[in-house]
>>> print(open('target37.txt').read())   # compact mmCIF, C-alpha atoms
# COMPACT_ATOMS: atom_id res chain seq x y z
CA MET C 1 -25.42 -94.48 114.05
CA VAL C 2 -26.84 -91.26 112.62
CA THR C 3 -25.04 -90.33 109.42
CA ARG C 4 -24.65 -86.79 108.09
CA ARG C 5 -26.99 -87.72 105.24
CA THR C 6 -29.73 -88.78 107.67
CA PHE C 7 -29.04 -85.79 109.88
CA VAL C 8 -29.35 -83.24 107.09
CA LYS C 9 -32.39 -84.90 105.56
CA GLY C 10 -34.05 -85.03 108.95
CA GLY C 11 -33.30 -81.37 109.46
CA ALA C 12 -34.75 -80.52 106.08
CA CYS C 13 -37.93 -82.46 106.78
CA ALA C 14 -38.29 -80.70 110.12
CA LEU C 15 -38.21 -77.40 108.28
CA VAL C 16 -41.29 -78.42 106.33
CA ALA C 17 -43.21 -78.67 109.56
CA LEU C 18 -41.67 -75.80 111.51
CA GLY C 19 -40.98 -73.29 108.73
CA SER C 20 -37.82 -72.21 110.57
CA ALA C 21 -34.21 -71.80 109.48
CA PRO C 22 -31.91 -73.51 112.02
CA ARG C 23 -28.45 -72.78 110.60
CA PHE C 24 -26.93 -74.70 113.50
CA LEU C 25 -27.98 -77.90 111.69
CA LEU C 26 -25.79 -77.03 108.74
CA ARG C 27 -22.85 -75.85 110.84
CA ALA C 28 -22.94 -79.00 112.97
CA ALA C 29 -23.14 -81.24 109.91
CA ALA C 30 -20.21 -79.47 108.23
CA ALA C 31 -18.12 -79.67 111.39
CA ALA C 32 -18.88 -83.39 111.71
CA GLU C 33 -17.14 -84.25 108.44
CA GLY C 34 -14.60 -81.47 108.06
CA GLN C 35 -14.50 -78.57 105.64
CA ARG C 36 -15.00 -79.54 102.02
CA LYS C 37 -12.58 -78.69 99.26
CA VAL C 38 -14.28 -76.83 96.44
CA LEU C 39 -13.35 -76.42 92.78
CA VAL C 40 -14.88 -73.52 90.88
CA ALA C 41 -14.54 -73.88 87.10
CA ILE C 42 -15.04 -70.89 84.79
CA PHE C 43 -15.44 -71.61 81.08
CA GLN C 44 -14.56 -68.70 78.77
CA ARG C 45 -16.68 -69.79 75.81
CA GLY C 46 -15.64 -68.55 72.39
CA ALA C 47 -11.86 -69.07 72.66
CA VAL C 48 -10.09 -66.37 74.64
CA ASP C 49 -6.95 -64.79 73.23
CA GLY C 50 -4.37 -65.97 75.72
CA LEU C 51 -1.74 -63.81 74.02
CA SER C 52 -3.61 -60.70 75.16
CA MET C 53 -4.82 -62.07 78.48
CA VAL C 54 -1.26 -63.00 79.49
CA ALA C 55 1.01 -61.33 76.95
CA PRO C 56 4.46 -62.82 76.21
CA TYR C 57 6.00 -59.41 75.64
CA GLY C 58 9.47 -60.87 76.05
CA ASP C 59 9.05 -62.89 72.85
CA ARG C 60 10.35 -60.74 69.97
CA SER C 61 7.79 -62.16 67.55
CA TYR C 62 4.81 -61.12 69.67
CA ALA C 63 4.58 -57.45 68.72
CA THR C 64 5.63 -57.94 65.09
CA GLY C 65 2.72 -60.28 64.41
CA ARG C 66 0.23 -57.89 65.92
CA PRO C 67 1.00 -54.35 64.82
CA GLY C 68 -2.46 -53.07 65.73
CA ILE C 69 -3.56 -55.18 68.72
CA ALA C 70 -0.44 -56.24 70.64
CA ILE C 71 -0.56 -55.37 74.33
CA GLN C 72 2.17 -52.85 75.12
CA ALA C 73 5.07 -54.06 77.21
CA PRO C 74 4.94 -52.91 80.84
CA ARG C 75 6.64 -49.68 81.79
CA ARG C 76 7.02 -48.43 85.33
CA GLY C 77 4.47 -45.78 86.25
CA GLU C 78 2.22 -46.32 83.21
CA SER C 79 -0.98 -48.04 84.31
CA GLU C 80 -2.44 -48.13 80.79
CA ARG C 81 0.14 -50.71 79.79
CA SER C 82 0.30 -54.37 80.75
CA VAL C 83 1.30 -55.39 84.28
CA ASP C 84 4.62 -57.23 84.51
CA LEU C 85 4.63 -60.72 85.98
CA ASP C 86 8.13 -62.11 85.59
CA GLY C 87 10.07 -60.08 83.04
CA PHE C 88 8.69 -62.08 80.11
CA PHE C 89 4.92 -62.33 80.63
CA ALA C 90 2.51 -59.57 81.62
CA LEU C 91 -1.17 -59.41 82.56
CA HIS C 92 -3.53 -57.40 80.42
CA PRO C 93 -4.11 -54.07 82.26
CA ALA C 94 -7.81 -54.98 82.62
CA LEU C 95 -6.72 -57.85 84.87
CA ALA C 96 -4.79 -55.59 87.25
CA PRO C 97 -7.24 -56.42 90.11
CA LEU C 98 -5.70 -59.90 90.12
CA MET C 99 -2.19 -58.64 90.80
CA PRO C 100 -2.52 -58.84 94.62
CA LEU C 101 -3.25 -62.55 94.17
CA TRP C 102 -0.16 -62.93 92.01
CA GLU C 103 1.95 -61.04 94.52
CA ASN C 104 0.78 -63.15 97.46
CA ARG C 105 1.48 -66.23 95.35
CA SER C 106 -2.08 -67.57 95.25
CA LEU C 107 -2.50 -67.01 91.49
CA ALA C 108 -0.71 -69.03 88.81
CA VAL C 109 -0.87 -69.03 85.01
CA VAL C 110 -0.58 -72.06 82.75
CA HIS C 111 0.31 -70.87 79.25
CA ALA C 112 0.40 -72.69 75.91
CA CYS C 113 -2.29 -74.98 77.32
CA GLY C 114 -4.95 -76.68 75.26
CA SER C 115 -6.20 -79.76 73.51
CA PRO C 116 -4.13 -82.19 71.44
CA ASP C 117 -7.07 -82.31 69.03
CA THR C 118 -6.64 -79.87 66.15
CA THR C 119 -10.26 -78.89 65.57
CA ARG C 120 -11.09 -75.21 65.25
CA SER C 121 -14.81 -75.83 65.73
CA HIS C 122 -16.11 -74.13 68.87
CA PHE C 123 -18.75 -76.79 69.38
CA ASP C 124 -16.41 -79.77 69.04
CA ALA C 125 -13.56 -78.22 71.03
CA GLN C 126 -15.85 -77.26 73.91
CA ASP C 127 -17.37 -80.73 73.91
CA TYR C 128 -13.93 -82.38 73.98
CA MET C 129 -12.76 -80.15 76.82
CA GLU C 130 -15.88 -80.74 78.90
CA THR C 131 -15.90 -84.50 78.41
CA GLY C 132 -12.14 -84.70 78.79
CA THR C 133 -11.83 -86.90 75.70
CA PRO C 134 -10.25 -84.94 72.81
CA GLY C 135 -11.35 -86.22 69.42
CA VAL C 136 -14.06 -88.51 70.87
CA LYS C 137 -17.66 -87.37 70.41
CA SER C 138 -19.40 -90.37 71.98
CA THR C 139 -18.36 -89.81 75.62
CA PRO C 140 -21.61 -89.70 77.63
CA ASP C 141 -20.44 -87.87 80.75
CA GLY C 142 -18.22 -84.94 81.75
CA TRP C 143 -14.86 -84.95 83.49
CA LEU C 144 -16.10 -82.86 86.40
CA ALA C 145 -18.96 -85.30 86.95
CA ARG C 146 -16.44 -88.14 86.98
CA ALA C 147 -14.28 -86.24 89.46
CA VAL C 148 -17.17 -85.82 91.90
CA LYS C 149 -18.14 -89.46 91.48
CA ALA C 150 -14.58 -90.48 92.38
CA LEU C 151 -14.81 -88.68 95.73
CA PRO C 152 -16.45 -90.15 98.84
CA ALA C 153 -20.24 -89.75 98.76
CA ARG C 154 -21.38 -87.11 101.23
CA GLY C 155 -25.13 -87.03 100.81
CA SER C 156 -25.73 -83.51 99.52
CA ALA C 157 -27.83 -82.64 96.48
CA PHE C 158 -25.54 -79.64 95.96
CA ARG C 159 -22.22 -81.44 95.53
CA ALA C 160 -22.08 -80.24 91.91
CA VAL C 161 -23.76 -76.98 90.92
CA ALA C 162 -23.87 -74.98 87.69
CA LEU C 163 -25.02 -71.37 87.55
CA GLY C 164 -26.99 -71.18 84.34
CA PRO C 165 -30.17 -72.25 82.55
CA SER C 166 -28.98 -75.79 81.77
CA LEU C 167 -26.48 -78.34 82.95
CA PRO C 168 -23.12 -78.02 81.14
CA ARG C 169 -21.59 -80.98 79.40
CA CYS C 170 -18.83 -81.34 82.00
CA LEU C 171 -21.31 -81.98 84.85
CA ARG C 172 -23.53 -84.49 83.09
CA GLY C 173 -23.26 -87.96 84.52
CA GLU C 174 -24.37 -90.13 87.41
CA ILE C 175 -23.68 -87.73 90.27
CA GLY C 176 -26.91 -85.72 90.28
CA ALA C 177 -25.74 -82.20 89.49
CA VAL C 178 -27.93 -79.13 89.85
CA ALA C 179 -28.39 -76.25 87.42
CA MET C 180 -29.89 -72.99 88.63
CA GLN C 181 -30.03 -69.52 87.16
CA ASN C 182 -30.59 -67.77 90.47
CA VAL C 183 -30.17 -69.01 94.03
CA ALA C 184 -33.03 -66.85 95.27
CA ASP C 185 -35.47 -68.32 92.71
CA PHE C 186 -34.42 -71.95 93.14
CA ASP C 187 -37.58 -73.81 94.11
CA VAL C 188 -39.87 -76.70 93.36
CA ARG C 189 -42.69 -75.25 91.32
CA PRO C 190 -45.95 -77.22 91.33
CA GLY C 191 -47.86 -77.67 88.08
CA PRO C 192 -51.47 -76.54 87.66
CA ASN C 193 -52.87 -79.94 88.69
CA ALA C 194 -50.57 -80.44 91.65
CA ALA C 195 -53.26 -79.51 94.17
CA ALA C 196 -55.39 -82.38 92.96
CA ARG C 197 -52.66 -84.87 93.83
CA GLN C 198 -51.31 -85.52 97.27
CA GLY C 199 -47.73 -85.50 98.58
CA PHE C 200 -44.57 -83.91 97.35
CA GLU C 201 -44.30 -86.29 94.38
CA SER C 202 -46.39 -84.00 92.19
CA MET C 203 -44.33 -80.95 93.16
CA TYR C 204 -41.12 -82.85 92.58
CA GLU C 205 -42.20 -84.05 89.15
CA GLN C 206 -42.74 -80.55 87.78
CA GLY C 207 -39.81 -79.02 89.66
CA VAL C 208 -37.28 -81.48 88.32
CA ARG C 209 -38.37 -80.72 84.77
CA ASP C 210 -37.97 -77.00 85.36
CA LEU C 211 -34.80 -76.69 87.39
CA LEU C 212 -33.01 -79.84 88.40
CA TYR C 213 -31.07 -82.46 86.53
CA GLY C 214 -30.58 -85.85 88.14
CA THR C 215 -30.95 -85.06 91.83
CA GLY C 216 -33.59 -87.75 92.22
CA ARG C 217 -36.06 -88.07 95.04
CA GLU C 218 -34.15 -85.72 97.34
CA THR C 219 -35.24 -82.69 95.33
CA PHE C 220 -37.83 -81.47 97.80
CA GLU C 221 -35.47 -81.82 100.75
CA ALA C 222 -32.74 -80.08 98.74
CA VAL C 223 -34.90 -77.03 98.16
CA LYS C 224 -35.80 -76.83 101.84
CA LEU C 225 -32.16 -77.26 102.81
CA LEU C 226 -31.11 -74.42 100.54
CA LYS C 227 -33.76 -72.15 101.98
CA SER C 228 -32.94 -73.16 105.55
CA ALA C 229 -29.37 -72.05 105.02
CA GLY C 230 -30.58 -68.59 104.04
CA VAL C 231 -28.14 -68.71 101.12
CA ALA C 232 -29.88 -65.96 99.13
CA ARG C 233 -29.54 -63.60 102.11
CA ILE C 234 -25.79 -64.04 102.56
CA ALA C 235 -24.17 -60.71 101.71
CA PRO C 236 -20.66 -60.33 100.26
CA GLN C 237 -18.01 -59.98 102.95
CA ASN C 238 -14.73 -58.10 103.33
CA GLY C 239 -15.87 -55.21 101.15
CA ALA C 240 -16.20 -57.38 98.03
CA GLU C 241 -18.04 -55.69 95.15
CA TYR C 242 -19.05 -57.94 92.28
CA PRO C 243 -19.56 -56.54 88.77
CA ASN C 244 -23.13 -56.68 87.48
CA GLY C 245 -22.41 -58.93 84.51
CA ARG C 246 -23.33 -62.59 84.25
CA LEU C 247 -20.02 -63.92 85.55
CA GLY C 248 -19.88 -61.53 88.50
CA GLN C 249 -23.35 -62.50 89.62
CA SER C 250 -22.66 -66.20 89.09
CA LEU C 251 -19.55 -66.04 91.28
CA ARG C 252 -21.43 -64.04 93.90
CA GLN C 253 -24.00 -66.82 94.15
CA ILE C 254 -21.36 -69.54 94.17
CA ALA C 255 -19.76 -67.73 97.12
CA GLN C 256 -23.16 -67.72 98.83
CA LEU C 257 -23.49 -71.47 98.34
CA ILE C 258 -20.00 -72.13 99.68
CA ARG C 259 -20.47 -69.94 102.73
CA GLY C 260 -23.94 -71.40 103.28
CA ASP C 261 -22.34 -74.84 103.88
CA VAL C 262 -24.80 -76.73 101.71
CA GLY C 263 -22.19 -79.25 100.54
CA VAL C 264 -20.78 -77.78 97.31
CA GLU C 265 -17.68 -79.56 96.01
CA VAL C 266 -17.70 -78.46 92.36
CA ALA C 267 -19.28 -75.29 90.98
CA PHE C 268 -19.38 -74.19 87.36
CA ALA C 269 -19.94 -70.87 85.63
CA ASP C 270 -19.42 -69.82 82.05
CA VAL C 271 -19.21 -66.55 80.19
CA GLY C 272 -19.19 -65.90 76.45
CA GLY C 273 -18.01 -63.09 74.20
CA TRP C 274 -14.42 -64.23 73.60
CA ASP C 275 -14.71 -64.91 69.85
CA THR C 276 -12.97 -61.71 68.76
CA HIS C 277 -12.72 -61.93 64.96
CA VAL C 278 -13.39 -58.23 64.43
CA GLY C 279 -12.21 -55.17 66.40
CA GLN C 280 -10.56 -57.11 69.20
CA GLY C 281 -8.74 -54.08 70.58
CA ASN C 282 -5.64 -53.99 72.74
CA GLU C 283 -5.47 -52.19 76.10
CA LYS C 284 -8.98 -50.95 75.42
CA GLY C 285 -11.82 -52.29 73.33
CA GLN C 286 -13.97 -55.38 73.02
CA LEU C 287 -11.59 -57.88 74.61
CA ALA C 288 -10.52 -55.44 77.32
CA ASN C 289 -14.15 -55.04 78.37
CA ARG C 290 -14.54 -58.80 78.75
CA LEU C 291 -11.31 -59.07 80.71
CA THR C 292 -12.38 -56.20 82.98
CA ASP C 293 -15.43 -58.21 84.03
CA LEU C 294 -13.37 -61.39 84.44
CA GLY C 295 -10.73 -59.75 86.62
CA ALA C 296 -13.23 -57.84 88.75
CA ALA C 297 -15.42 -60.92 89.26
CA ILE C 298 -12.57 -63.22 90.31
CA ALA C 299 -11.01 -60.57 92.56
CA ALA C 300 -14.37 -59.96 94.27
CA PHE C 301 -14.93 -63.69 94.74
CA SER C 302 -11.54 -64.12 96.39
CA ARG C 303 -12.08 -61.11 98.64
CA ASP C 304 -15.59 -62.25 99.55
CA LEU C 305 -14.49 -65.71 100.68
CA GLY C 306 -11.44 -64.45 102.55
CA ASP C 307 -9.95 -67.28 104.62
CA ARG C 308 -12.33 -69.77 102.99
CA MET C 309 -10.23 -69.49 99.83
CA ALA C 310 -7.81 -71.87 101.53
CA ASP C 311 -10.32 -74.60 100.63
CA VAL C 312 -11.30 -73.25 97.21
CA VAL C 313 -9.53 -73.34 93.86
CA VAL C 314 -10.70 -71.34 90.84
CA LEU C 315 -9.79 -72.72 87.40
CA THR C 316 -10.39 -70.91 84.11
CA MET C 317 -10.58 -72.71 80.78
CA SER C 318 -11.31 -71.98 77.13
CA GLU C 319 -11.71 -74.34 74.19
CA PHE C 320 -8.71 -72.96 72.25
CA GLY C 321 -6.78 -69.75 71.69
CA ARG C 322 -6.43 -67.28 68.80
CA THR C 323 -4.06 -66.88 65.90
CA VAL C 324 -0.73 -65.20 66.63
CA ALA C 325 -1.09 -62.74 63.76
CA GLU C 326 -3.99 -60.31 63.71
CA ASN C 327 -6.35 -60.55 60.75
CA GLY C 328 -7.50 -57.84 58.32
CA ASN C 329 -10.33 -56.82 60.66
CA ARG C 330 -7.97 -56.06 63.56
CA GLY C 331 -9.13 -59.20 65.25
CA THR C 332 -7.89 -62.77 65.58
CA ASP C 333 -9.13 -66.09 64.25
CA HIS C 334 -9.45 -69.53 65.77
CA GLY C 335 -6.13 -70.81 67.05
CA HIS C 336 -4.73 -73.60 69.20
CA ALA C 337 -3.17 -73.07 72.66
CA THR C 338 -4.21 -70.40 75.16
CA ALA C 339 -3.64 -69.31 78.77
CA MET C 340 -5.52 -70.61 81.82
CA LEU C 341 -5.58 -69.29 85.39
CA VAL C 342 -5.47 -71.24 88.66
CA LEU C 343 -5.84 -69.57 92.05
CA GLY C 344 -6.64 -70.26 95.67
CA GLY C 345 -6.21 -73.33 97.85
CA ASN C 346 -2.57 -74.30 98.21
CA VAL C 347 -1.69 -73.22 94.67
CA HIS C 348 2.00 -72.40 94.35
CA GLY C 349 1.36 -69.13 92.54
CA GLY C 350 3.37 -66.18 91.38
CA LYS C 351 4.61 -68.26 88.46
CA VAL C 352 3.77 -68.98 84.81
CA TYR C 353 3.73 -72.75 84.26
CA GLY C 354 4.22 -74.73 81.09
CA ARG C 355 6.97 -74.72 78.49
CA TRP C 356 6.80 -71.66 76.25
CA PRO C 357 6.96 -72.86 72.61
CA GLY C 358 7.95 -69.53 71.05
CA LEU C 359 6.21 -67.39 68.44
CA ALA C 360 8.72 -67.41 65.60
CA ARG C 361 7.09 -68.73 62.46
CA GLU C 362 8.94 -72.05 62.54
CA GLN C 363 7.77 -72.56 66.15
CA LEU C 364 4.08 -72.06 65.46
CA PHE C 365 1.50 -74.81 65.12
CA GLU C 366 0.61 -75.08 61.42
CA GLY C 367 2.54 -71.85 60.87
CA ARG C 368 -0.08 -69.69 62.59
CA ASP C 369 -0.93 -70.68 66.20
CA VAL C 370 0.61 -71.02 69.64
CA ALA C 371 1.60 -74.68 69.96
CA VAL C 372 0.14 -76.71 72.82
CA THR C 373 2.85 -77.75 75.26
CA THR C 374 0.54 -78.58 78.19
CA ASP C 375 -2.36 -80.93 77.52
CA PHE C 376 -5.41 -79.51 79.31
CA ARG C 377 -5.93 -82.93 80.90
CA ALA C 378 -2.61 -82.57 82.72
CA LEU C 379 -3.79 -79.30 84.24
CA PHE C 380 -7.33 -80.45 85.06
CA GLY C 381 -6.08 -83.75 86.42
CA GLU C 382 -3.55 -82.11 88.70
CA VAL C 383 -6.22 -79.80 90.10
CA ALA C 384 -8.58 -82.74 90.65
CA SER C 385 -5.98 -84.88 92.40
CA ARG C 386 -3.98 -82.34 94.38
CA HIS C 387 -6.90 -80.14 95.42
CA LEU C 388 -10.07 -82.24 95.41
CA GLY C 389 -8.28 -85.44 96.37
CA VAL C 390 -9.22 -87.66 93.43
CA ALA C 391 -7.08 -90.78 93.78
CA SER C 392 -6.25 -91.26 90.10
CA ALA C 393 -6.31 -88.22 87.83
CA ALA C 394 -5.72 -90.31 84.71
CA SER C 395 -8.94 -92.24 85.40
CA LEU C 396 -10.93 -89.05 84.81
CA PHE C 397 -9.88 -88.97 81.17
CA PRO C 398 -10.60 -92.24 79.32
CA GLY C 399 -7.84 -93.26 76.94
CA TRP C 400 -5.23 -90.95 78.50
CA ARG C 401 -2.19 -92.31 80.32
CA GLY C 402 -1.41 -89.14 82.22
CA PRO C 403 1.41 -86.58 81.96
CA GLN C 404 5.07 -87.52 81.90
CA ALA C 405 5.63 -85.18 84.85
CA PRO C 406 3.34 -83.03 87.04
CA LEU C 407 3.22 -79.29 86.52
CA GLY C 408 3.96 -78.77 90.21
CA LEU C 409 1.12 -76.28 90.71
CA PHE C 410 0.45 -77.16 94.31
CA ALA C 411 2.69 -76.56 97.27
>>> encode(input="target37.txt", output="structure tokens")
Amino acid sequence: MVTRRTFVKGGACALVALGSAPRFLLRAAAAAEGQRKVLVAIFQRGAVDGLSMVAPYGDRSYATGRPGIAIQAPRRGESERSVDLDGFFALHPALAPLMPLWENRSLAVVHACGSPDTTRSHFDAQDYMETGTPGVKSTPDGWLARAVKALPARGSAFRAVALGPSLPRCLRGEIGAVAMQNVADFDVRPGPNAAARQGFESMYEQGVRDLLYGTGRETFEAVKLLKSAGVARIAPQNGAEYPNGRLGQSLRQIAQLIRGDVGVEVAFADVGGWDTHVGQGNEKGQLANRLTDLGAAIAAFSRDLGDRMADVVVLTMSEFGRTVAENGNRGTDHGHATAMLVLGGNVHGGKVYGRWPGLAREQLFEGRDVAVTTDFRALFGEVASRHLGVASAASLFPGWRGPQAPLGLFA
């Protein structure tokens, strides 16, 4: 019996000889095994201020702790203020492009979410979040890599893809993930002595050093498959307009890979600039500029994919949040819990999930931070199990027994 793996590899090899781009091969292969579910993870590196991203204006202690940077409570007819979600929480006005997703109940927020580890080191906290093992530095692989490994093997070199110059910690493991900075430039690049050696082995050897991480001997076929799909030529659909920043262009290319049917199951993008110690701003300023790019990029991605979003979930994450009180530089320092977004698929949106711990001084973690009431592993695990179909979410996070009760994010 001809498997999809053999079918796709055969098609890729045929392309070497014919130099053609038969998209029917990809469409037929995708139809043979059903549409894949895709998880797109966005890491906001630097610790985003969840209290500005999704402001708890209904908490009386919110504004008093931030006399210069608190986001103003929503008021009907005033677009410069925050956008009301449920009478207690409001989106930063820069995230207004996401409101249609909230209103059609495809966008959810998980607040007071974070790590049980108390570190305020960016490096350690990011490492713990990507490996899924808070407080443990020796974990060799990432939780997203483990999630892909737990799914049925489907024979694509593009099951796990990161848009960036190197493979992130969360995708390192045994699955053969791919890192690329640009879909259009993704190629096997022969070294200067390649012509003196025969076969694709010499091309593969140099190419894997330059661009690929762990995809093994299928590298050459993978490059041909990507080119055969014409991924770099796929234009945004439905009037989607991506911002020109790094995140916008990463999501544009992830959409190209998804719509090119090359077998993506997990995609990863990250964006920095969230470490706002000085001059954070409120409705306008440094943080607002970052949030403008985030909201525009996610909104464009959702619009671009259209009906395909039924099979795609976008998850945002950040290593920790910021202090409740602003500092002397009208910024915020390293905190504890933050807010994370989940949208698409069969997400039961239009709701803020997680128990709100309160911002009164006696309710704060160590007297200064939003307390964590939702372990990030509970959120990530629920996404992995209910969307991707991982059989045991707890198995993705060594040493963790799982949540006492699910968040209920998925319908």
>>> residues_around(input="target37.txt", residues="Leu151 of chain C", least_positions_apart="3", cutoff="9 Å", atoms="all atoms listed in the file", output="MDAnalysis selection string")
chainID C and resid 146:148 154 388:391
>>> residues_around(input="target37.txt", residues="Gly402 of chain C", least_positions_apart="5", cutoff="9 Å", atoms="all atoms listed in the file", output="ChimeraX atom specification")
/C:377-378,381,393-395,397
>>> write_last_selection(input="target37.txt", atoms="C-alpha atoms", output="JSON list (two decimals), keeping the file's coordinate frame")
[["chain", "number", "residue", "atom", "x", "y", "z"],
["C", 377, "ARG", "CA", -5.93, -82.93, 80.90],
["C", 378, "ALA", "CA", -2.61, -82.57, 82.72],
["C", 381, "GLY", "CA", -6.08, -83.75, 86.42],
["C", 393, "ALA", "CA", -6.31, -88.22, 87.83],
["C", 394, "ALA", "CA", -5.72, -90.31, 84.71],
["C", 395, "SER", "CA", -8.94, -92.24, 85.40],
["C", 397, "PHE", "CA", -9.88, -88.97, 81.17]]
>>> residues_around(input="target37.txt", residues="segment 256-264 of chain C", least_positions_apart="5", cutoff="9 Å", atoms="only C-alpha atoms", output="PyMOL selection string")
chain C and resi 23+26-27+29-30+35-39+154-161+183+225-226+229-236+251+305+308
>>> atom_distance(input="target37.txt", atom1="atom CA of Phe43 of chain C", atom2="atom CA of Ser106 of chain C")
19.9 Å
>>> closest_residue(input="target37.txt", among="C:His334, C:Arg81, C:Arg368, C:Arg246", to="Leu163 of chain C", atoms="only C-alpha atoms")
C:Arg246
>>> closest_atom_pairs(input="target37.txt", of="segment 34-129 of chain C", to="segment 276-285 of chain C", cutoff="7 Å", atoms="all atoms listed in the file", output="CSV")
residue,atom,partner,partner_atom,distance
C:Ile69,CA,C:Asn282,CA,4.7
C:Ala70,CA,C:Asn282,CA,6.0
C:Ile71,CA,C:Asn282,CA,5.5
C:Glu80,CA,C:Glu283,CA,6.9
C:Arg81,CA,C:Glu283,CA,6.9
C:Pro93,CA,C:Glu283,CA,6.6
>>> residues_around(input="target37.txt", residues="Asp270 of chain C", least_positions_apart="5", cutoff="9 Å", atoms="only C-alpha atoms", output="ChimeraX atom specification")
/C:41-45,162-164,246-247,250
>>> closest_residue(input="target37.txt", among="C:Ser115, C:Asn329, C:Gln126, C:Ser121", to="Thr374 of chain C", atoms="only C-alpha atoms")
C:Ser115
>>> atom_distance(input="target37.txt", atom1="atom CA of Pro168 of chain C", atom2="atom CA of Val40 of chain C")
13.5 Å
>>> closest_residue(input="target37.txt", among="C:Arg252, C:Lys137, C:Arg361, C:Lys351", to="Gly65 of chain C", atoms="all atoms listed in the file")
C:Arg361
>>> atom_distance(input="target37.txt", atom1="atom CA of Leu364 of chain C", atom2="atom CA of His348 of chain C")
29.0 Å
